[in-house]
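Colleague: Right, I'll just put the structure down here and ask away after.
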Amino acid sequence: MSLSVQLLEIYKRLFQTYGPQHWWPADDPFEVCIGAILTQSTAWVNVEKAITNLKEAGALDPVTVRDMPFDRLAGLIRPSGYYNAKARKLRAFANRLKDYSDSLDALFDADVSQLRTELLSIYGIGPETADSIILYAARKPVFVIDAYTHRIMDRLRLNPNYGSYEALQAVFAHHIPADEATFNEYHALFVRHGKEVCRKTIPLCQGCPLGDMCYFE
DNA sequence: GCCCAGGTGGGTA
DNA sequence: TACCCACATGGG
């Protein structure tokens with residue numbers, strides 16, 4: 001079976017099992033960007049608490065994030081962990097937005113490649129955060145790779161020599177049509193499947209929709 | 001108490 | 001390039 005057909009089959013089975021995931025869980029693009037930074041190596045449930053705090057404080061906009069006292073910002077996002085580091089990252093993002101008159105539309109008015117380069121040049125934004133922002137806030141087609149994607153593709157033996165972020169991303173880019181809606185749902189389904197079944201420890205392989213394709217021992 | 005969670009940046013060899 | 005490590009809370 002070709003790689004394209006396998007990737008399509010995986011998508012089909014995950015979608016049939018879990019249904020549409022309605023990603024990204026946020027009210028607007030700026031909230032997506034904030035969530036993408038806060039969720040770095042952190043359980044989403046804790047990010048939700050931090051975002052709720054920011055909303056209740058009326059701090060979910062670039063100007064407020066930029067101008068409020070650092071310790072106040074850090075305190076609001078405390079439940080998401082790494083709160084000092086992440087407060088610095090939120091500040092860096094809000095500060096860069098100043099170059100675009102605090103308009104995400106202005107920031108996003110570039111092709112995927114240029115936008116990715118710009119995002120990666122901001123402190124605290126690495127490949128996954130950049131791609132999450134591009135896909136889920138700017139709504140441009142780029143495939144997001146995360147720890148779940150690595151784990152699942154490793155176990156399916158579809159990750160070429162357990163490759164880098166870009167190496168695994170290329171697998172999808174070269175074998176799936178670049179469609180924003182498909183990339184959106186596919187990544188969300190990987191996360192759902194990773195959380196629910198394909199765990200780092202204690203894998204729940206009984207009845208796994210990908211069981212017959214999986215080499216996990 | 002221990003392990004893990006939708007990573008990134010900085011330092012060292 | 002390829003590893004280490006710091007960053008930190010909260011749930012199972």
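Naming scheme: A, B, ... for chains in displayed order of the structure tokens; residues 1 onward per chain; ligands 1 onward as shown.
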Please, which residues of chain B lie no more than 7 Å from chain A when the count uses only C-alpha atoms (C1' of nucleotides), and can they be set out as a list in words?
Modeller: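 Output check: DA5, DG6, DG7 and DT8 of chain B.
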Colleague: Taking N, CA and C atoms (P, O5', C5', C4', C3', O3' and C1' of nucleotides) for each residue, export the selection above as a compact mmCIF listing (two decimals), in the first residue's frame.
Modeller:
```txt
# COMPACT_ATOMS: atom_id res chain seq x y z
P DA B 5 2.93 12.47 28.00
O5' DA B 5 2.03 13.77 28.17
C5' DA B 5 0.65 13.62 28.47
C4' DA B 5 0.05 14.97 28.79
C3' DA B 5 0.24 16.01 27.68
O3' DA B 5 -0.93 16.79 27.59
C1' DA B 5 1.17 16.82 29.70
P DG B 6 -1.90 16.77 26.38
O5' DG B 6 -1.07 17.20 25.10
C5' DG B 6 -0.04 18.14 25.12
C4' DG B 6 0.55 18.34 23.73
C3' DG B 6 1.12 19.73 23.58
O3' DG B 6 2.19 19.71 22.67
C1' DG B 6 -0.87 19.52 22.32
P DG B 7 3.58 19.35 23.41
O5' DG B 7 4.34 20.75 23.25
C5' DG B 7 5.29 20.90 22.18
C4' DG B 7 5.85 22.28 22.28
C3' DG B 7 6.97 22.58 21.30
O3' DG B 7 6.83 23.92 20.87
C1' DG B 7 7.78 22.69 23.54
P DT B 8 7.87 24.49 19.83
O5' DT B 8 8.88 25.26 20.80
C5' DT B 8 8.39 26.30 21.64
C4' DT B 8 9.53 26.96 22.36
C3' DT B 8 10.75 27.24 21.49
O3' DT B 8 11.06 28.62 21.59
C1' DT B 8 11.38 26.11 23.48
```
Colleague: Write out as JSON lines a residue-level contact list of chain A versus chain C with cut-off 6 Å: for each qualifying residue the closest pair of atoms and the distance in Å to one decimal, counting only C-alpha atoms (C1' of nucleotides), rows sorted by chain and residue number upward.
Modeller:
```
{"residue": "A:Pro79", "atom": "CA", "partner": "C:DT9", "partner_atom": "C1'", "distance": 5.3}
{"residue": "A:Ser80", "atom": "CA", "partner": "C:DT9", "partner_atom": "C1'", "distance": 6.0}
{"residue": "A:Gly81", "atom": "CA", "partner": "C:DT9", "partner_atom": "C1'", "distance": 4.4}
{"residue": "A:Tyr82", "atom": "CA", "partner": "C:DA8", "partner_atom": "C1'", "distance": 4.6}
```
Colleague: Find the residue from A:Ile51, A:Val63, A:Ile122, A:Ala138 that sits nearest to DG9 (chain B); use only C-alpha atoms (C1' of nucleotides) when measuring.
Modeller: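 The closest residue to DG9 (chain B) is A:Ile122.
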